Amino acid sequence: MPELPEVEVVRQSLDKNIKQKKVKKVIIRNRNLRFKIPAYFENFLKDLKINKIDRFSKYLILNLSNKSYCLIHLGMSGTIHMVHNNQKNQLTNTSFYNSPILPKKHNHIEIFFESLKLVYNDPRRFGFFQIIKNHHFLKKRFAHMGPEPFDTKFNQKYFFLSFKNKKKNIKNFLLDQRFTSGIGNIYASEILFLCKIDPLKKVKKLKKKDHQKIIFYSRKVLSDAIKKGGSSIRDFKNTLGKKGTFQNHFNVYQREGLNCKRSKCSGIIKKKTISKRSTFFCNTCQK
DNA sequence: AAGAGGCCCTGATAGC
DNA sequence: TGCTATCAGGGCCTCT
């Protein structure tokens with residue numbers, strides 16, 4: 001599900017609701033995620049304060065009061081639900097446990113704060129929670145990842161050097177987190193549509209003008225999506241269970257067979273599988 | 001060494 | 001209705 005914009009929407013919500021709050025209790029319902037949640041996890045988090053919530057790429061980074069970090073990745077189907085409780089004796093109040101907004105299955109982790117709890121749900125279990133000891137290991141954790149599109153390092157010179165003599169197509173490049181991090185399958189298609197670039201185009205054939213368009217529209221698509229609360233394709237919801245609306249603004253994604261939205265283009269949106277991922281593009285204006 | 005492909009997992013949907 | 005096959009937004013590992 002979640003690419004950079006969806007993770008940012010979750011971050012903003014966490015920032016509003018759990019910043020500067022102390023973890024009162026942690027319950028693990030199911031330790032099996034991409035990485036098994038270690039036995040020490042609950043006790044480690046207990047009584048730590050969440051200083052702030054950062055995000056890098058598709059990762060949430062909880063900054064903890066003992067200088068460590070809790071990394072959260074939502075994988076394909078992870079969601080974080082927030083349940084408020086204004087009653088006293090929150091930790092034992094039953095309404096706290098049986099909220100109607102919570103999914104019935106696949107609730108893996110519950111983190112309790114004074115007046116609310118977070119519930120991590122993940123049917124496909126591709127997501128994970130990971131404790132990172134200190135800043136040094138955090139840097140190391142992300143060392144292999146390329147700059148986000150918003151980063152000033154994501155510039156024309158970087159494109160020129162990265163694309164030199166490379167045989168790969170631009171769609172796969174945008175999805176390669178070592179080149180740039182945060183773009184996923186939906187936004188890769190949307191970005192290339194706005195650039196009028198064929199997703200199968202080999203990167204070494206791209207001109208300077210193309211580089212600049214990709215930089216511009218990567219930033220535009222991601223920031224527009226954040227403003228719209230992300231995209232809800234299947235089941236992405238923010239922490240309040242609300243859906244994003246950027247899916248209503250897709251130009252190509254899941255629009256196979258429909259007319260190109262560009263006013264002067266008479267093209268049809270096509271779907272093609274590129275490296276096992278579905279890719280949508282206009283057969284006329286993307287060259 | 002770059003690039004393609006497999007795999008982790010469950011659930012929704014399509015086709016018979 | 002009920003079976004099976006296919007596909008899904010990510011990322012990491014292996015193989016060539």
# chains A, B, ... in the order shown; residues from 1 in each chain; ligands from 1
>>> interface_residues(of="chain A", to="chain C", cutoff="10 Å", atoms="only C-alpha atoms (C1' of nucleotides)", output="PDB file with N, CA and C atoms, in the first residue's frame")
ATOM      1  N   MET A   1       0.795  -1.204   0.000  1.00  0.00           N
ATOM      2  CA  MET A   1       0.000   0.000   0.000  1.00  0.00           C
ATOM      3  C   MET A   1       0.834   1.262   0.000  1.00  0.00           C
ATOM      4  N   PRO A   2       1.617   1.461   0.993  1.00  0.00           N
ATOM      5  CA  PRO A   2       2.019   2.833   1.271  1.00  0.00           C
ATOM      6  C   PRO A   2       3.333   3.220   0.628  1.00  0.00           C
ATOM      7  N   GLU A   3       3.260   4.290  -0.123  1.00  0.00           N
ATOM      8  CA  GLU A   3       4.468   4.918  -0.646  1.00  0.00           C
ATOM      9  C   GLU A   3       4.733   6.155   0.213  1.00  0.00           C
ATOM     10  N   LYS A  58       9.868   5.465   2.973  1.00  0.00           N
ATOM     11  CA  LYS A  58       8.608   4.853   3.406  1.00  0.00           C
ATOM     12  C   LYS A  58       8.706   4.367   4.846  1.00  0.00           C
ATOM     13  N   HIS A  73       7.973   0.062   9.251  1.00  0.00           N
ATOM     14  CA  HIS A  73       7.685   0.012   7.823  1.00  0.00           C
ATOM     15  C   HIS A  73       6.331  -0.662   7.650  1.00  0.00           C
ATOM     16  N   LEU A  74       5.474  -0.075   6.823  1.00  0.00           N
ATOM     17  CA  LEU A  74       4.108  -0.585   6.688  1.00  0.00           C
ATOM     18  C   LEU A  74       3.983  -1.680   5.627  1.00  0.00           C
ATOM     19  N   GLY A  75       5.100  -1.984   4.957  1.00  0.00           N
ATOM     20  CA  GLY A  75       5.060  -3.036   3.935  1.00  0.00           C
ATOM     21  C   GLY A  75       4.005  -2.745   2.889  1.00  0.00           C
ATOM     22  N   MET A  76       3.226  -3.742   2.534  1.00  0.00           N
ATOM     23  CA  MET A  76       2.184  -3.556   1.519  1.00  0.00           C
ATOM     24  C   MET A  76       0.832  -3.290   2.160  1.00  0.00           C
ATOM     25  N   SER A  77       0.608  -3.797   3.341  1.00  0.00           N
ATOM     26  CA  SER A  77      -0.760  -3.758   3.870  1.00  0.00           C
ATOM     27  C   SER A  77      -0.828  -3.288   5.315  1.00  0.00           C
ATOM     28  N   PHE A 126       4.139  -7.914   5.516  1.00  0.00           N
ATOM     29  CA  PHE A 126       5.375  -7.457   4.882  1.00  0.00           C
ATOM     30  C   PHE A 126       5.972  -6.275   5.630  1.00  0.00           C
ATOM     31  N   GLY A 127       5.228  -5.739   6.566  1.00  0.00           N
ATOM     32  CA  GLY A 127       5.734  -4.621   7.356  1.00  0.00           C
ATOM     33  C   GLY A 127       6.600  -5.097   8.509  1.00  0.00           C
ATOM     34  N   LEU A 175      11.670   3.055  -9.305  1.00  0.00           N
ATOM     35  CA  LEU A 175      11.277   2.127  -8.233  1.00  0.00           C
ATOM     36  C   LEU A 175      12.472   1.629  -7.433  1.00  0.00           C
ATOM     37  N   ASP A 176      13.676   1.835  -7.972  1.00  0.00           N
ATOM     38  CA  ASP A 176      14.876   1.343  -7.299  1.00  0.00           C
ATOM     39  C   ASP A 176      15.236   2.270  -6.139  1.00  0.00           C
ATOM     40  N   GLN A 177      15.053   1.774  -4.921  1.00  0.00           N
ATOM     41  CA  GLN A 177      15.237   2.615  -3.736  1.00  0.00           C
ATOM     42  C   GLN A 177      16.699   3.018  -3.524  1.00  0.00           C
ATOM     43  N   GLY A 184       6.903   4.536  -5.202  1.00  0.00           N
ATOM     44  CA  GLY A 184       6.467   3.156  -5.381  1.00  0.00           C
ATOM     45  C   GLY A 184       5.772   3.006  -6.713  1.00  0.00           C
ATOM     46  N   ASN A 185       5.086   1.898  -6.871  1.00  0.00           N
ATOM     47  CA  ASN A 185       4.552   1.539  -8.188  1.00  0.00           C
ATOM     48  C   ASN A 185       3.481   2.492  -8.711  1.00  0.00           C
ATOM     49  N   ILE A 186       2.631   2.983  -7.843  1.00  0.00           N
ATOM     50  CA  ILE A 186       1.572   3.903  -8.294  1.00  0.00           C
ATOM     51  C   ILE A 186       2.174   5.207  -8.789  1.00  0.00           C
ATOM     52  N   TYR A 187       2.985   5.815  -7.938  1.00  0.00           N
ATOM     53  CA  TYR A 187       3.477   7.159  -8.255  1.00  0.00           C
ATOM     54  C   TYR A 187       4.484   7.141  -9.398  1.00  0.00           C
ATOM     55  N   SER A 231      -3.126   8.165  -1.262  1.00  0.00           N
ATOM     56  CA  SER A 231      -4.025   7.432  -2.154  1.00  0.00           C
ATOM     57  C   SER A 231      -4.558   6.216  -1.427  1.00  0.00           C
ATOM     58  N   SER A 232      -5.849   5.966  -1.543  1.00  0.00           N
ATOM     59  CA  SER A 232      -6.431   4.762  -0.955  1.00  0.00           C
ATOM     60  C   SER A 232      -6.888   3.848  -2.077  1.00  0.00           C
ATOM     61  N   ILE A 233      -6.060   2.865  -2.404  1.00  0.00           N
ATOM     62  CA  ILE A 233      -6.400   1.946  -3.489  1.00  0.00           C
ATOM     63  C   ILE A 233      -7.260   0.846  -2.951  1.00  0.00           C
ATOM     64  N   ARG A 234      -6.725   0.082  -2.108  1.00  0.00           N
ATOM     65  CA  ARG A 234      -7.484  -1.021  -1.550  1.00  0.00           C
ATOM     66  C   ARG A 234      -7.886  -0.661  -0.138  1.00  0.00           C
ATOM     67  N   ASP A 235      -6.894  -0.517   0.710  1.00  0.00           N
ATOM     68  CA  ASP A 235      -7.253  -0.386   2.121  1.00  0.00           C
ATOM     69  C   ASP A 235      -6.420   0.640   2.878  1.00  0.00           C
ATOM     70  N   PHE A 236      -5.693   1.495   2.142  1.00  0.00           N
ATOM     71  CA  PHE A 236      -4.944   2.485   2.913  1.00  0.00           C
ATOM     72  C   PHE A 236      -5.878   3.442   3.625  1.00  0.00           C
ATOM     73  N   ARG A 277       5.646  -5.790 -12.311  1.00  0.00           N
ATOM     74  CA  ARG A 277       4.790  -4.768 -11.698  1.00  0.00           C
ATOM     75  C   ARG A 277       3.926  -4.134 -12.784  1.00  0.00           C
ATOM     76  N   SER A 278       2.648  -3.968 -12.467  1.00  0.00           N
ATOM     77  CA  SER A 278       1.759  -3.366 -13.455  1.00  0.00           C
ATOM     78  C   SER A 278       2.109  -1.894 -13.645  1.00  0.00           C
TER      79      SER A 278
END
>>> select_by_dssp(residues="stretch 5-233 of chain A", states="helix (DSSP H, G or I)", output="ChimeraX atom specification")
/A:5-18,41-45,90-92,94-97,135-141,156-163,170-175,185-195,203-205,208-227
>>> interface_residues(of="chain B", to="chain A", cutoff="10 Å", atoms="only C-alpha atoms (C1' of nucleotides)", output="VMD selection string")
chain B and resid 2 to 5 8 to 12
>>> write_last_selection(atoms="C-alpha atoms (C1' of nucleotides)", output="compact mmCIF listing (two decimals), in the first residue's frame")
# COMPACT_ATOMS: atom_id res chain seq x y z
C1' DA B 2 23.92 -4.81 -13.48
C1' DG B 3 19.66 -6.51 -13.98
C1' DA B 4 16.07 -10.04 -13.85
C1' DG B 5 13.40 -13.09 -11.10
C1' DC B 8 7.82 -13.68 1.92
C1' DC B 9 2.04 -13.50 3.19
C1' DT B 10 -3.17 -12.95 3.07
C1' DG B 11 -7.26 -11.43 0.80
C1' DA B 12 -10.05 -9.74 -3.00
>>> select_by_dssp(residues="stretch 13-131 of chain A", states="strand (DSSP E or B)", output="ChimeraX atom specification")
/A:22,25-28,49-56,59-64,69-73,79-84,107-112,116-121,128-131
>>> atom_distance(atom1="atom CA of A:Val221", atom2="atom CA of A:Lys202")
21.8 Å
